[in-house]
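Structure, as structure tokens:
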Amino acid sequence: MIAGRLSAPPERARSGRVPEVQFRFVRKVLVANRGEIAVRVIRAARESGLRSVAVFADCDRGARHMRMADEAWPLGGNAPAESYLRIDKIVDAACASGADAVHPGYGFLAENPALADACASAGLTFIGPSATAIRRMGSKTAAREAAVACGVPVVPGTAAPISADAPEADVLREAERIGYPLMLKAVAGGGGKGMRVVSRADDLHGALRAARSEAQAAFGNGAVFLERRLARPRHIEIQLLGDRHGTVVPFVERECSVQRRHQKVLEESPSPSVDATLRAAIAEAARKVAASVGYTNAGTIEFLLDEDGRFYFLEMNTRLQVEHPVTEAVTGVDLVRWQFRLADGERLGLTTAETLTPRGHAIEARVYAEDPDAGFMPSPGRILHLRPPSGPGVRDDGGYDPLGEVPIFYDSLVSKLIAWAETREQAIARLRRALAEYEIAGIRTTLPFFRWLLDETHFLEGTVDTTFLDRTLAARNGRPFVSPDASAEDAAAIVAALQLSGGGGQAPGRAVSAWTRSARLEALR
């Protein structure tokens with residue numbers, strides 16, 4: 001036990017307001033995560049009248065999430081295996097702080113049933129589905145079986161996992177039965193890890209070796225499965241909430257087809273390719289699958305939509321999704337606050353008439369600390385200047401403050417920029433405006449990439465598929481997204497001017513007024 005080495009700062013005073021919901025079991029929540037999702041959960045806890053406990057690795061000392069919480073407890077170490085992946089440290093911190101619940105956010109331990117089991121053993125409420133549901137639906141092959149049992153169509157593929165030590169000859173025979181091209185996927189995978197496209201038999205050896213190795217390193221499980229690759233499908237997903245009384249409610253779909261190397265970079269809701277009839281059919285299929293396993297709390301079922309409008313079950317994510325804000329924007333439902341309420345045993349007070357009727361349109365851009373002009377290489381470091389956009393219909397879910405440090409150890413997501421408007425065209429225009437106002441210096445980010453993407457013809461027409469972005473980027477042949485003459489020295493001079501003048505004065509040796517706005521934004525990218 002490490003509880004003796006944990007120490008918490010004095011608790012800050014809280015308002016004496018009476019919360020909207022009177023919780024019976026959940027009163028103090030430990031957030032087992034970091035960055036923007038930890039900030040998001042801490043904010044929802046405060047709005048719900050709950051106390052919050054942050055945990056932090058050594059490199060996150062002083063980070064935004066630990067300063068926002070009522071208490072912050074150190075995990076020690078820096079690498080995930082030393083800190084945020086240590087279930088024993090998470091549970092010890094929860095017990096030592098007097099928390100009665102644990103919210104895993106997403107990533108790290110969110111889909112690890114061992115954390116749910118450990119919370120139960122320690123008398124803590126796990127804010128998520130049961131360990132049984134995580135095990136059942138977290139396995140892609142078991143989830144496929146559940147879909148088939150409900151009569152929901154699945155993409156042709158293997159019926160059972162292919163173990164990490166299965167002979168390659170067996171895998172080859174299975175691939176020939178399914179047919180090429182196909183996808184190799186990690187059974188316990190997510191985020192594009194352990195996934196490879198195999199176009200022909202000659203490519204199988206290298207792809208299998210790489211997928212198994214990556215899956216073992218990322219998830220501790222080298223098992224894979226095979227699935228037929230559809231030609232240019234769209235990626236559609238259905239958000240769900242389930243209570244402990246047997247009710248599962250689906251939400252209006254999200255379009256997640258803008259992907260780079262199988263990882264989502266921009267999401268929107270509703271999908272430009274889904275009408276009311278198809279929406280109802282996909283939502284009902286998702287509800288049936290989730291209800292069949294007694295699913296509770298928040299989750300998402302993902303589908304592929306082929307060129308003829310047929311949908312196929314893909315997988316289930318047994319957690320909150322990165323892109324949950326677009327669903328919140330078009331439904332008015334706070335999903336995280338509902339997670340607290342469902343974990344406390346409350347019945348769902350929502351109907352499909354509310355959750356399947358979109359109110360306007362929302363788009364989310366994931367702002368990463370990556371350099372799009374260098375092949376999207378990570379760009380960790382200190383944020384010298386940060387001014388997120390605001391205004392009507394704009395939401396920025398960020399995890400960093402000015403002078404904050406983006407560490408090398410974790411996912412490089414800096415913030416999620418969400419724009420809402422009455423129509424898709426207006427939402428694009430609003431997001432374009434917000435991207436133009438977003439100021440950040442000290443690190444490279446994907447902001448220039450998004451400024452380009454929002455003017456791309458196929459995106460504007462809503463005719464993208466999961467292969468669109470990789471094909472379009474390849475066709476650019478490495479052309480830069482911004483002017484190459486915006487140097488680090490220019491950025492430093494502008495940052496100094498902003499700090500000295502509060503945004504509009506002069507730095508020694510340079511007049512900010514001599515810069516056009518576009519040049520200034522390029523230097524601040």
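Following the order of the structure tokens, chains are lettered A, B, ..., residues in each are numbered from 1, and ligands are numbered from 1.
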
Name all residues at most 6 Å from range 121-124 of chain A (count only C-alpha atoms; drop same-chain ones fewer than 2 positions away) and give them as a PyMOL selection string. chain A and resi 100-101+118-119

Write out as an mmCIF file with C-alpha atoms, in the first residue's frame which residues come within 9 Å of Val171 in chain A when counting only C-alpha atoms, dropping same-chain ones fewer than 3 positions away.
data_model
loop_
_atom_site.group_PDB
_atom_site.id
_atom_site.type_symbol
_atom_site.label_atom_id
_atom_site.label_comp_id
_atom_site.auth_asym_id
_atom_site.auth_seq_id
_atom_site.Cartn_x
_atom_site.Cartn_y
_atom_site.Cartn_z
ATOM 1 C CA ILE A 162 -6.686 -15.797 -33.442
ATOM 2 C CA ALA A 166 -1.497 -19.421 -33.809
ATOM 3 C CA PRO A 167 0.400 -20.784 -36.845
ATOM 4 C CA GLU A 168 0.579 -18.388 -39.744
ATOM 5 C CA GLU A 174 -8.854 -18.073 -42.716
ATOM 6 C CA ALA A 175 -7.891 -15.028 -44.799
ATOM 7 C CA GLU A 176 -8.522 -16.953 -48.017
ATOM 8 C CA LEU A 204 -0.108 -11.123 -44.699
ATOM 9 C CA LEU A 208 0.384 -10.162 -38.990
ATOM 10 C CA PHE A 225 -8.960 -11.285 -35.838
ATOM 11 C CA LEU A 226 -9.693 -10.816 -39.533
#

If I take CA of Leu460 in chain A and CA of Asp371 in chain A, how far is one from the other in Å, to one decimal?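 Rounded to one decimal, the two atoms are 23.8 Å apart.
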
Name the residues in contact with range 38-55 of chain A at a cut-off of 6 Å, using only C-alpha atoms, excluding same-chain residues fewer than 4 positions from it; report them as a list in words.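 Returned residues: Pro19, Arg27, Lys28, Val29, Leu30, Val31, Asn33, Arg34, His65, Met66, Ala69, Asp70, Glu71, Ala72, Trp73, Pro74 and Arg337 of chain A.
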
Could you please write out, as a ChimeraX atom specification, every residue of range 270-471 of chain A that DSSP assigns to alpha helix (DSSP H)? /A:276-292,324-331,335-343,352-355,424-437,447-453,457-461,468-471

Identify, on the basis of only C-alpha atoms, every residue whose closest approach to Ala369 in chain A does not exceed 12 Å; exclude the query and any residue fewer than 6 positions from it along the same chain; express the result as an MDAnalysis selection string. chainID A and resid 376:383 399:400 405:408 410:416 440:449 525

Mind dumping a table of every range 124-198 of chain A residue within 6 Å of range 294-312 of chain A, with the nearest atom pair and its distance in Å to one decimal, using only C-alpha atoms, sorted by chain and rising number, as JSON lines?
{"residue": "A:Gly128", "atom": "CA", "partner": "A:Asn297", "partner_atom": "CA", "distance": 5.3}
{"residue": "A:Pro129", "atom": "CA", "partner": "A:Thr296", "partner_atom": "CA", "distance": 5.0}
{"residue": "A:Pro153", "atom": "CA", "partner": "A:Tyr312", "partner_atom": "CA", "distance": 5.1}
{"residue": "A:Val154", "atom": "CA", "partner": "A:Tyr312", "partner_atom": "CA", "distance": 4.7}
{"residue": "A:Val155", "atom": "CA", "partner": "A:Tyr312", "partner_atom": "CA", "distance": 5.8}

May I have the selected residues written with N, CA, C and O atoms, as a PDB file, in the first residue's frame?
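New file again00.pdb:
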ATOM      1  N   GLY A 128     -18.993   3.663 -14.746  1.00  0.00           N
ATOM      2  CA  GLY A 128     -18.885   3.030 -16.053  1.00  0.00           C
ATOM      3  C   GLY A 128     -19.676   1.746 -16.034  1.00  0.00           C
ATOM      4  O   GLY A 128     -20.400   1.452 -15.064  1.00  0.00           O
ATOM      5  N   PRO A 129     -19.560   0.938 -17.064  1.00  0.00           N
ATOM      6  CA  PRO A 129     -20.293  -0.334 -17.113  1.00  0.00           C
ATOM      7  C   PRO A 129     -19.699  -1.347 -16.150  1.00  0.00           C
ATOM      8  O   PRO A 129     -18.630  -1.132 -15.559  1.00  0.00           O
ATOM      9  N   PRO A 153     -26.421  -7.071 -38.519  1.00  0.00           N
ATOM     10  CA  PRO A 153     -25.410  -7.498 -39.495  1.00  0.00           C
ATOM     11  C   PRO A 153     -24.001  -7.112 -39.081  1.00  0.00           C
ATOM     12  O   PRO A 153     -23.783  -6.043 -38.508  1.00  0.00           O
ATOM     13  N   VAL A 154     -23.053  -7.998 -39.373  1.00  0.00           N
ATOM     14  CA  VAL A 154     -21.638  -7.733 -39.107  1.00  0.00           C
ATOM     15  C   VAL A 154     -20.856  -7.937 -40.402  1.00  0.00           C
ATOM     16  O   VAL A 154     -21.283  -8.663 -41.295  1.00  0.00           O
ATOM     17  N   VAL A 155     -19.708  -7.299 -40.494  1.00  0.00           N
ATOM     18  CA  VAL A 155     -18.832  -7.494 -41.641  1.00  0.00           C
ATOM     19  C   VAL A 155     -18.289  -8.916 -41.588  1.00  0.00           C
ATOM     20  O   VAL A 155     -17.889  -9.390 -40.514  1.00  0.00           O
TER      21      VAL A 155
END

For range 318-328 of chain A, work out the shell of residues within 7 Å, counting only C-alpha atoms and skipping chain neighbours fewer than 5 positions away, then give it as a PDB file with all heavy atoms, in the first residue's frame.
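File written: part15.pdb
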ATOM      1  N   GLY A 105     -12.517   8.347 -17.113  1.00  0.00           N
ATOM      2  CA  GLY A 105     -12.355   9.136 -18.336  1.00  0.00           C
ATOM      3  C   GLY A 105     -12.376   8.224 -19.539  1.00  0.00           C
ATOM      4  O   GLY A 105     -13.245   7.373 -19.681  1.00  0.00           O
ATOM      5  N   TYR A 106     -11.397   8.395 -20.454  1.00  0.00           N
ATOM      6  CA  TYR A 106     -11.213   7.448 -21.554  1.00  0.00           C
ATOM      7  C   TYR A 106      -9.725   7.245 -21.746  1.00  0.00           C
ATOM      8  O   TYR A 106      -8.896   8.012 -21.250  1.00  0.00           O
ATOM      9  CB  TYR A 106     -11.883   7.920 -22.846  1.00  0.00           C
ATOM     10  CG  TYR A 106     -11.686   9.360 -23.209  1.00  0.00           C
ATOM     11  CD1 TYR A 106     -10.431   9.854 -23.550  1.00  0.00           C
ATOM     12  CD2 TYR A 106     -12.751  10.244 -23.219  1.00  0.00           C
ATOM     13  CE1 TYR A 106     -10.255  11.179 -23.884  1.00  0.00           C
ATOM     14  CE2 TYR A 106     -12.586  11.579 -23.553  1.00  0.00           C
ATOM     15  CZ  TYR A 106     -11.330  12.044 -23.891  1.00  0.00           C
ATOM     16  OH  TYR A 106     -11.164  13.356 -24.220  1.00  0.00           O
ATOM     17  N   ALA A 110      -9.842   3.001 -18.856  1.00  0.00           N
ATOM     18  CA  ALA A 110     -11.290   3.128 -19.008  1.00  0.00           C
ATOM     19  C   ALA A 110     -11.954   1.838 -19.467  1.00  0.00           C
ATOM     20  O   ALA A 110     -13.103   1.566 -19.109  1.00  0.00           O
ATOM     21  CB  ALA A 110     -11.616   4.261 -19.969  1.00  0.00           C
ATOM     22  N   GLU A 111     -11.272   1.031 -20.276  1.00  0.00           N
ATOM     23  CA  GLU A 111     -11.856  -0.217 -20.774  1.00  0.00           C
ATOM     24  C   GLU A 111     -11.160  -1.440 -20.196  1.00  0.00           C
ATOM     25  O   GLU A 111     -11.203  -2.517 -20.789  1.00  0.00           O
ATOM     26  CB  GLU A 111     -11.807  -0.239 -22.303  1.00  0.00           C
ATOM     27  CG  GLU A 111     -12.681   0.822 -22.934  1.00  0.00           C
ATOM     28  CD  GLU A 111     -12.689   0.769 -24.446  1.00  0.00           C
ATOM     29  OE1 GLU A 111     -11.763   1.318 -25.060  1.00  0.00           O
ATOM     30  OE2 GLU A 111     -13.627   0.179 -25.008  1.00  0.00           O
ATOM     31  N   GLY A 128     -18.993   3.663 -14.746  1.00  0.00           N
ATOM     32  CA  GLY A 128     -18.885   3.030 -16.053  1.00  0.00           C
ATOM     33  C   GLY A 128     -19.676   1.746 -16.034  1.00  0.00           C
ATOM     34  O   GLY A 128     -20.400   1.452 -15.064  1.00  0.00           O
ATOM     35  N   PRO A 129     -19.560   0.938 -17.064  1.00  0.00           N
ATOM     36  CA  PRO A 129     -20.293  -0.334 -17.113  1.00  0.00           C
ATOM     37  C   PRO A 129     -19.699  -1.347 -16.150  1.00  0.00           C
ATOM     38  O   PRO A 129     -18.630  -1.132 -15.559  1.00  0.00           O
ATOM     39  CB  PRO A 129     -20.116  -0.774 -18.571  1.00  0.00           C
ATOM     40  CG  PRO A 129     -18.827  -0.151 -18.984  1.00  0.00           C
ATOM     41  CD  PRO A 129     -18.765   1.171 -18.279  1.00  0.00           C
ATOM     42  N   ILE A 134     -17.728  -4.991 -19.746  1.00  0.00           N
ATOM     43  CA  ILE A 134     -16.464  -4.576 -20.363  1.00  0.00           C
ATOM     44  C   ILE A 134     -15.764  -5.777 -20.992  1.00  0.00           C
ATOM     45  O   ILE A 134     -15.249  -5.695 -22.108  1.00  0.00           O
ATOM     46  CB  ILE A 134     -15.551  -3.892 -19.333  1.00  0.00           C
ATOM     47  CG1 ILE A 134     -16.180  -2.591 -18.832  1.00  0.00           C
ATOM     48  CG2 ILE A 134     -14.171  -3.598 -19.941  1.00  0.00           C
ATOM     49  CD1 ILE A 134     -15.401  -1.922 -17.719  1.00  0.00           C
ATOM     50  N   MET A 137     -17.988  -6.939 -24.183  1.00  0.00           N
ATOM     51  CA  MET A 137     -18.018  -6.043 -25.326  1.00  0.00           C
ATOM     52  C   MET A 137     -16.652  -5.452 -25.655  1.00  0.00           C
ATOM     53  O   MET A 137     -16.453  -4.922 -26.748  1.00  0.00           O
ATOM     54  CB  MET A 137     -19.028  -4.915 -25.094  1.00  0.00           C
ATOM     55  CG  MET A 137     -20.435  -5.416 -24.829  1.00  0.00           C
ATOM     56  SD  MET A 137     -21.051  -6.588 -26.074  1.00  0.00           S
ATOM     57  CE  MET A 137     -21.312  -5.489 -27.461  1.00  0.00           C
ATOM     58  N   GLY A 138     -15.705  -5.551 -24.737  1.00  0.00           N
ATOM     59  CA  GLY A 138     -14.352  -5.075 -25.014  1.00  0.00           C
ATOM     60  C   GLY A 138     -13.592  -6.008 -25.936  1.00  0.00           C
ATOM     61  O   GLY A 138     -12.622  -5.598 -26.579  1.00  0.00           O
ATOM     62  N   GLU A 267     -14.983  14.954 -35.967  1.00  0.00           N
ATOM     63  CA  GLU A 267     -16.270  14.272 -35.874  1.00  0.00           C
ATOM     64  C   GLU A 267     -17.391  15.294 -35.974  1.00  0.00           C
ATOM     65  O   GLU A 267     -17.208  16.471 -35.629  1.00  0.00           O
ATOM     66  CB  GLU A 267     -16.401  13.510 -34.547  1.00  0.00           C
ATOM     67  CG  GLU A 267     -15.323  12.462 -34.311  1.00  0.00           C
ATOM     68  CD  GLU A 267     -14.120  13.010 -33.543  1.00  0.00           C
ATOM     69  OE1 GLU A 267     -14.077  14.236 -33.286  1.00  0.00           O
ATOM     70  OE2 GLU A 267     -13.234  12.219 -33.191  1.00  0.00           O
ATOM     71  N   GLU A 268     -18.551  14.843 -36.398  1.00  0.00           N
ATOM     72  CA  GLU A 268     -19.695  15.744 -36.471  1.00  0.00           C
ATOM     73  C   GLU A 268     -20.982  14.979 -36.189  1.00  0.00           C
ATOM     74  O   GLU A 268     -21.043  13.755 -36.282  1.00  0.00           O
ATOM     75  CB  GLU A 268     -19.770  16.442 -37.826  1.00  0.00           C
ATOM     76  CG  GLU A 268     -19.871  15.534 -39.037  1.00  0.00           C
ATOM     77  CD  GLU A 268     -19.848  16.323 -40.337  1.00  0.00           C
ATOM     78  OE1 GLU A 268     -20.689  17.223 -40.517  1.00  0.00           O
ATOM     79  OE2 GLU A 268     -18.979  16.019 -41.191  1.00  0.00           O
ATOM     80  N   SER A 269     -22.009  15.726 -35.854  1.00  0.00           N
ATOM     81  CA  SER A 269     -23.329  15.144 -35.613  1.00  0.00           C
ATOM     82  C   SER A 269     -24.381  16.185 -35.984  1.00  0.00           C
ATOM     83  O   SER A 269     -24.240  17.364 -35.639  1.00  0.00           O
ATOM     84  CB  SER A 269     -23.489  14.748 -34.143  1.00  0.00           C
ATOM     85  OG  SER A 269     -24.744  14.163 -33.909  1.00  0.00           O
ATOM     86  N   ALA A 298     -22.380   4.906 -19.773  1.00  0.00           N
ATOM     87  CA  ALA A 298     -22.156   5.425 -21.124  1.00  0.00           C
ATOM     88  C   ALA A 298     -21.350   4.448 -21.968  1.00  0.00           C
ATOM     89  O   ALA A 298     -20.430   3.787 -21.483  1.00  0.00           O
ATOM     90  CB  ALA A 298     -21.420   6.766 -21.062  1.00  0.00           C
ATOM     91  N   GLY A 299     -21.685   4.370 -23.246  1.00  0.00           N
ATOM     92  CA  GLY A 299     -20.951   3.530 -24.184  1.00  0.00           C
ATOM     93  C   GLY A 299     -21.283   3.958 -25.598  1.00  0.00           C
ATOM     94  O   GLY A 299     -22.190   4.763 -25.819  1.00  0.00           O
ATOM     95  N   THR A 300     -20.561   3.421 -26.540  1.00  0.00           N
ATOM     96  CA  THR A 300     -20.775   3.761 -27.949  1.00  0.00           C
ATOM     97  C   THR A 300     -20.650   2.517 -28.803  1.00  0.00           C
ATOM     98  O   THR A 300     -19.700   1.743 -28.636  1.00  0.00           O
ATOM     99  CB  THR A 300     -19.750   4.807 -28.425  1.00  0.00           C
ATOM    100  OG1 THR A 300     -19.899   6.005 -27.659  1.00  0.00           O
ATOM    101  CG2 THR A 300     -19.944   5.135 -29.898  1.00  0.00           C
ATOM    102  N   VAL A 333     -27.913  17.273 -23.802  1.00  0.00           N
ATOM    103  CA  VAL A 333     -27.750  16.337 -22.681  1.00  0.00           C
ATOM    104  C   VAL A 333     -26.295  16.349 -22.218  1.00  0.00           C
ATOM    105  O   VAL A 333     -25.384  16.199 -23.031  1.00  0.00           O
ATOM    106  CB  VAL A 333     -28.152  14.908 -23.095  1.00  0.00           C
ATOM    107  CG1 VAL A 333     -27.860  13.913 -21.965  1.00  0.00           C
ATOM    108  CG2 VAL A 333     -29.625  14.858 -23.482  1.00  0.00           C
ATOM    109  N   ASP A 334     -26.071  16.546 -20.930  1.00  0.00           N
ATOM    110  CA  ASP A 334     -24.730  16.476 -20.361  1.00  0.00           C
ATOM    111  C   ASP A 334     -24.443  15.012 -20.036  1.00  0.00           C
ATOM    112  O   ASP A 334     -24.930  14.460 -19.045  1.00  0.00           O
ATOM    113  CB  ASP A 334     -24.646  17.334 -19.098  1.00  0.00           C
ATOM    114  CG  ASP A 334     -23.227  17.463 -18.563  1.00  0.00           C
ATOM    115  OD1 ASP A 334     -22.496  16.447 -18.560  1.00  0.00           O
ATOM    116  OD2 ASP A 334     -22.844  18.566 -18.141  1.00  0.00           O
ATOM    117  N   LEU A 335     -23.651  14.367 -20.869  1.00  0.00           N
ATOM    118  CA  LEU A 335     -23.413  12.929 -20.729  1.00  0.00           C
ATOM    119  C   LEU A 335     -22.635  12.591 -19.470  1.00  0.00           C
ATOM    120  O   LEU A 335     -22.875  11.553 -18.846  1.00  0.00           O
ATOM    121  CB  LEU A 335     -22.676  12.412 -21.963  1.00  0.00           C
ATOM    122  CG  LEU A 335     -23.476  12.481 -23.270  1.00  0.00           C
ATOM    123  CD1 LEU A 335     -22.575  12.176 -24.464  1.00  0.00           C
ATOM    124  CD2 LEU A 335     -24.645  11.496 -23.236  1.00  0.00           C
ATOM    125  N   ALA A 362     -23.221  19.991 -35.093  1.00  0.00           N
ATOM    126  CA  ALA A 362     -22.000  20.253 -34.332  1.00  0.00           C
ATOM    127  C   ALA A 362     -20.818  19.529 -34.963  1.00  0.00           C
ATOM    128  O   ALA A 362     -20.965  18.419 -35.495  1.00  0.00           O
ATOM    129  CB  ALA A 362     -22.155  19.814 -32.876  1.00  0.00           C
ATOM    130  N   ILE A 363     -19.652  20.151 -34.916  1.00  0.00           N
ATOM    131  CA  ILE A 363     -18.416  19.585 -35.450  1.00  0.00           C
ATOM    132  C   ILE A 363     -17.314  19.757 -34.413  1.00  0.00           C
ATOM    133  O   ILE A 363     -17.207  20.802 -33.769  1.00  0.00           O
ATOM    134  CB  ILE A 363     -17.988  20.282 -36.761  1.00  0.00           C
ATOM    135  CG1 ILE A 363     -19.148  20.324 -37.757  1.00  0.00           C
ATOM    136  CG2 ILE A 363     -16.797  19.576 -37.391  1.00  0.00           C
ATOM    137  CD1 ILE A 363     -18.833  21.099 -39.023  1.00  0.00           C
ATOM    138  N   GLU A 364     -16.492  18.719 -34.261  1.00  0.00           N
ATOM    139  CA  GLU A 364     -15.373  18.753 -33.311  1.00  0.00           C
ATOM    140  C   GLU A 364     -14.059  18.529 -34.038  1.00  0.00           C
ATOM    141  O   GLU A 364     -13.914  17.579 -34.813  1.00  0.00           O
ATOM    142  CB  GLU A 364     -15.550  17.685 -32.235  1.00  0.00           C
ATOM    143  CG  GLU A 364     -14.354  17.549 -31.308  1.00  0.00           C
ATOM    144  CD  GLU A 364     -14.503  16.422 -30.299  1.00  0.00           C
ATOM    145  OE1 GLU A 364     -15.344  16.587 -29.397  1.00  0.00           O
ATOM    146  OE2 GLU A 364     -13.822  15.398 -30.418  1.00  0.00           O
ATOM    147  N   ILE A 418     -15.090  22.649 -30.492  1.00  0.00           N
ATOM    148  CA  ILE A 418     -16.410  22.251 -30.972  1.00  0.00           C
ATOM    149  C   ILE A 418     -17.193  23.491 -31.389  1.00  0.00           C
ATOM    150  O   ILE A 418     -17.220  24.496 -30.662  1.00  0.00           O
ATOM    151  CB  ILE A 418     -17.199  21.492 -29.879  1.00  0.00           C
ATOM    152  CG1 ILE A 418     -16.396  20.277 -29.379  1.00  0.00           C
ATOM    153  CG2 ILE A 418     -18.564  21.056 -30.399  1.00  0.00           C
ATOM    154  CD1 ILE A 418     -15.682  20.512 -28.076  1.00  0.00           C
TER     155      ILE A 418
END

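Relative to CA of Pro272 in chain A, CA of Thr351 in chain A is found at 23.3 Å.
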
Pick out the residues sitting within 10 Å of Leu454 in chain A, and hand them over as a count of residues only; count only C-alpha atoms, and ignore anything fewer than 2 positions along from it in its own chain. 14

Computed interatomic separation between CA of Gly393 in chain A and CA of Arg430 in chain A (Å): 7.6 Å
